[in-house]
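Worksheet: the structure to be examined is printed underneath.
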Amino acid sequence: MFSKTWTRTSTAASWDPIAALREALADADAVVIGAGAGLSASAGLIYSGQRFRRYFGDFQAKYGIRDMYSGGFYPFESPEESWAWWSRQIMVNRYTKAPKPVYADLLDLVEGKDYFVLTTNVDHQFQLAGFDKRRLFYTQGDYGLWQCSQPCHQETYDNEETVRKMFAEQRDMRVPRELVPHCPRCGRPMTMNLRCDDTFVQDAGWYAAARRYEDFLRRHRGMRVLFLELGVGGNTPVIIKYPFWKMTLENRKAVYACVNQEVSGVPEEIRKRSICITADIGRTLDRLRGRRTGGPDLPAASALSEPGD
């Protein structure tokens, strides 16, 4: 569908990608936000370094685990120890607001617009920031849900009450045995509702959110839509990035925008309707909202299209 020629970063000093994105937001009939891990990282939900050591220093000392992501796959010695790990990870990433107000700033930008959020993040920071939950589609699961590890049925279970008990009552890197969750139907161990293999449960809530997203796209077909991609990496481009490119190509009134710390490219076919900014998302949102930020300015030539192209 797309040619293999990707556009390069512009060097025109007069081209202001922030102004272009601000204008695209103002003109849009609808905004579709595509959010990846980079958005939560910008909000301070860092899975390594000092924040990791603060909450998991004992696990690092015992097992040499270096970050929260890899720890989720570690074969711990017992279910009690495994759930000590997971209850901490869930508490600090799902039931605690991100340290920085990046999600709230994003809501401030799109509030009053017709918007929808498609995300691969599983931390539900959108809801904690006040986004309308009926405008959210979490495709890859939710730290706040458990499922049967088999799974013997296609349902998920809210874990907040038990996770808070696990977090408060664990000792020596173990939770009390009576808090270890088991499937209410078959008795097998429960596991996280995260898409990591073909046992992932897409429950009724998942399908309802998918239908709302499809309906949103259908209702705005052919209208001025801004596809705003934030912090999406290269691990799962088929969920957000490639569909956003395709829908931008098919709708001549649409604009594609990408904000990411890493350099991005877009297909030549949509270059004239694309804006890519290589910078921190939080600082970019600050500038979009008219706030000055410390540190060096965002590069003025971070956009991939220019006036008059």
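For the structure tokens, the naming scheme is as follows: chains receive sequential letters (A, B, ...) according to their order of presentation, residues are indexed from 1 within each chain, and ligands are indexed from 1 in presentation order.
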
Mind checking DSSP for range 94-167 of chain A and telling me the helix (DSSP H, G or I) residues as a compact mmCIF listing (two decimals) with C-alpha atoms, in the first residue's frame?
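Ended up saving to result22.txt:
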# COMPACT_ATOMS: atom_id res chain seq x y z
CA VAL A 102 1.07 14.57 31.35
CA TYR A 103 -2.24 12.70 31.08
CA ALA A 104 -4.14 15.57 32.68
CA ASP A 105 -2.47 18.01 30.29
CA LEU A 106 -3.51 15.85 27.34
CA LEU A 107 -7.10 15.79 28.59
CA ASP A 108 -7.04 19.57 28.90
CA LEU A 109 -6.02 19.80 25.23
CA VAL A 110 -8.79 17.58 23.88
CA GLN A 125 -3.70 6.32 33.62
CA PHE A 126 -6.25 7.78 31.21
CA GLN A 127 -9.06 6.99 33.61
CA LEU A 128 -7.09 8.18 36.63
CA ALA A 129 -6.64 11.51 34.83
CA LYS A 133 -13.98 5.55 30.12
CA ARG A 134 -16.44 5.08 27.26
CA ARG A 135 -13.93 6.80 25.00
CA GLU A 160 -8.13 -3.80 43.36
CA GLU A 161 -9.35 -4.92 46.78
CA THR A 162 -7.11 -8.00 46.87
CA VAL A 163 -4.09 -6.21 45.41
CA ARG A 164 -4.31 -3.51 48.06
CA LYS A 165 -4.35 -6.20 50.74
CA MET A 166 -1.39 -7.97 49.12
CA PHE A 167 0.55 -4.73 48.98

Review point. Looking only at the backbone, which of the residues in range 40-276 of chain A does DSSP tag as strand (DSSP E), as a PyMOL selection string?
Key: chain A and resi 114-119+136-138+141-148+157-158+190-194+225-230+255-260+274-276

Let's have the selection written as a PDB file, in the first residue's frame, with C-alpha atoms.
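Everything below was put into selection_13.pdb:
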ATOM      1  CA  ASP A 114     -14.897  14.741  20.023  1.00  0.00           C
ATOM      2  CA  TYR A 115     -12.101  12.325  20.906  1.00  0.00           C
ATOM      3  CA  PHE A 116     -11.371   8.634  21.297  1.00  0.00           C
ATOM      4  CA  VAL A 117      -8.324   6.871  22.742  1.00  0.00           C
ATOM      5  CA  LEU A 118      -6.768   3.672  21.399  1.00  0.00           C
ATOM      6  CA  THR A 119      -3.905   2.474  23.587  1.00  0.00           C
ATOM      7  CA  LEU A 136     -11.097   4.387  25.822  1.00  0.00           C
ATOM      8  CA  PHE A 137     -10.072   1.128  24.199  1.00  0.00           C
ATOM      9  CA  TYR A 138      -7.295  -0.766  26.000  1.00  0.00           C
ATOM     10  CA  GLY A 141      -5.304  -5.742  28.772  1.00  0.00           C
ATOM     11  CA  ASP A 142      -5.398  -4.081  32.167  1.00  0.00           C
ATOM     12  CA  TYR A 143      -3.214  -4.328  35.269  1.00  0.00           C
ATOM     13  CA  GLY A 144      -6.461  -4.061  37.224  1.00  0.00           C
ATOM     14  CA  LEU A 145      -7.913  -7.326  35.907  1.00  0.00           C
ATOM     15  CA  TRP A 146      -7.232 -11.013  36.497  1.00  0.00           C
ATOM     16  CA  GLN A 147      -8.270 -14.017  34.446  1.00  0.00           C
ATOM     17  CA  CYS A 148      -8.086 -17.766  34.732  1.00  0.00           C
ATOM     18  CA  TYR A 157     -12.094 -10.063  37.525  1.00  0.00           C
ATOM     19  CA  ASP A 158     -11.356  -6.738  39.204  1.00  0.00           C
ATOM     20  CA  MET A 190      -5.369 -16.721  38.296  1.00  0.00           C
ATOM     21  CA  THR A 191      -3.048 -14.651  36.124  1.00  0.00           C
ATOM     22  CA  MET A 192      -2.817 -11.116  34.807  1.00  0.00           C
ATOM     23  CA  ASN A 193      -5.143 -10.054  31.997  1.00  0.00           C
ATOM     24  CA  LEU A 194      -2.265  -8.986  29.736  1.00  0.00           C
ATOM     25  CA  VAL A 225      -9.810  13.874  11.818  1.00  0.00           C
ATOM     26  CA  LEU A 226      -6.513  14.321  13.638  1.00  0.00           C
ATOM     27  CA  PHE A 227      -4.778  10.989  14.235  1.00  0.00           C
ATOM     28  CA  LEU A 228      -2.508  11.891  17.172  1.00  0.00           C
ATOM     29  CA  GLU A 229       0.080   9.213  17.916  1.00  0.00           C
ATOM     30  CA  LEU A 230       1.917   9.598  21.239  1.00  0.00           C
ATOM     31  CA  VAL A 255      -3.931  14.827   9.498  1.00  0.00           C
ATOM     32  CA  TYR A 256      -1.441  12.419  11.068  1.00  0.00           C
ATOM     33  CA  ALA A 257       0.732  13.661  13.940  1.00  0.00           C
ATOM     34  CA  CYS A 258       3.388  11.774  15.877  1.00  0.00           C
ATOM     35  CA  VAL A 259       5.195  12.853  19.044  1.00  0.00           C
ATOM     36  CA  ASN A 260       7.991  10.563  20.158  1.00  0.00           C
ATOM     37  CA  SER A 274       1.874  14.692   8.567  1.00  0.00           C
ATOM     38  CA  ILE A 275       3.561  16.346  11.530  1.00  0.00           C
ATOM     39  CA  CYS A 276       6.226  14.437  13.456  1.00  0.00           C
TER      40      CYS A 276
END

Check your understanding: In Å, how far is it from CA of Gly71 in chain A to CA of Arg54 in chain A?
Key -> 14.5 Å

Exercise for review: Show which residues sit within 7 Å of range 21-25 of chain A, as a PyMOL selection string. Count only C-alpha atoms, and ignore same-chain residues fewer than 2 positions away.
Suggested key: chain A and resi 17-19+27-28+226+275+288

Take the residues just selected and output them with N, CA and C atoms as a PDB file, in the first residue's frame.
ATOM      1  N   PRO A  17       6.573  23.113  14.039  1.00  0.00           N
ATOM      2  CA  PRO A  17       5.669  21.968  14.167  1.00  0.00           C
ATOM      3  C   PRO A  17       4.652  22.132  15.291  1.00  0.00           C
ATOM      4  N   ILE A  18       5.008  22.865  16.349  1.00  0.00           N
ATOM      5  CA  ILE A  18       4.068  23.091  17.446  1.00  0.00           C
ATOM      6  C   ILE A  18       2.874  23.899  16.945  1.00  0.00           C
ATOM      7  N   ALA A  19       3.149  24.952  16.195  1.00  0.00           N
ATOM      8  CA  ALA A  19       2.065  25.768  15.647  1.00  0.00           C
ATOM      9  C   ALA A  19       1.207  24.948  14.693  1.00  0.00           C
ATOM     10  N   ASP A  27      -8.624  22.761  14.293  1.00  0.00           N
ATOM     11  CA  ASP A  27      -9.459  22.561  13.109  1.00  0.00           C
ATOM     12  C   ASP A  27     -10.172  21.212  13.078  1.00  0.00           C
ATOM     13  N   ALA A  28      -9.721  20.265  13.895  1.00  0.00           N
ATOM     14  CA  ALA A  28     -10.222  18.894  13.798  1.00  0.00           C
ATOM     15  C   ALA A  28     -11.679  18.776  14.250  1.00  0.00           C
ATOM     16  N   LEU A 226      -7.927  14.302  13.274  1.00  0.00           N
ATOM     17  CA  LEU A 226      -6.513  14.321  13.638  1.00  0.00           C
ATOM     18  C   LEU A 226      -6.171  12.986  14.287  1.00  0.00           C
ATOM     19  N   ILE A 275       2.723  15.534  10.640  1.00  0.00           N
ATOM     20  CA  ILE A 275       3.561  16.346  11.530  1.00  0.00           C
ATOM     21  C   ILE A 275       4.216  15.381  12.510  1.00  0.00           C
ATOM     22  N   LEU A 288       2.140  23.178  23.487  1.00  0.00           N
ATOM     23  CA  LEU A 288       0.847  23.265  22.806  1.00  0.00           C
ATOM     24  C   LEU A 288      -0.148  24.071  23.629  1.00  0.00           C
TER      25      LEU A 288
END

Exercise for review: Would you please work out which residue, of A:Pro176, A:Gly130, A:Pro101, A:Pro151, is nearest to Ala84 in chain A when using only C-alpha atoms?
Suggested key: A:Pro176

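Closest approach to Ile240 in chain A among A:Gln150, A:Gln140, A:Ser82, A:Ser87 is made by A:Gln140 (distances from only C-alpha atoms).
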
Review point. Taking only C-alpha atoms into account, which of A:Ala30, A:Met68, A:Ala210, A:Ala204 comes nearest Lys253 in chain A?
Key: A:Ala30

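Taking CA of Asp123 in chain A and CA of Thr139 in chain A as endpoints, the distance between them is 11.8 Å.
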
**Study point:** Shortest interatomic distance to Ser149 in chain A - which of A:Pro79, A:Val201, A:Lys100, A:Glu169, counting only C-alpha atoms
**Key:**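 Closest residue, counting only C-alpha atoms: A:Val201.
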
Check your understanding: Quick one, how far is CA of Lys62 in chain A from CA of Phe76 in chain A?
Key -> 10.8 Å

Which residues, written as a PDB file with C-alpha atoms, in the first residue's frame, have at least one atom at most 8 Å from Pro99 in chain A, with only C-alpha atoms counted and residues fewer than 2 positions away on the same chain left out?
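Once written, around.pdb looks like this:
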ATOM      1  CA  ALA A  43       4.440  10.967  32.759  1.00  0.00           C
ATOM      2  CA  GLY A  44       7.083   9.432  35.036  1.00  0.00           C
ATOM      3  CA  LEU A  45       6.047   5.779  35.014  1.00  0.00           C
ATOM      4  CA  LYS A  97      -1.472   8.403  39.507  1.00  0.00           C
ATOM      5  CA  PRO A 101       0.552  15.563  34.980  1.00  0.00           C
TER       6      PRO A 101
END
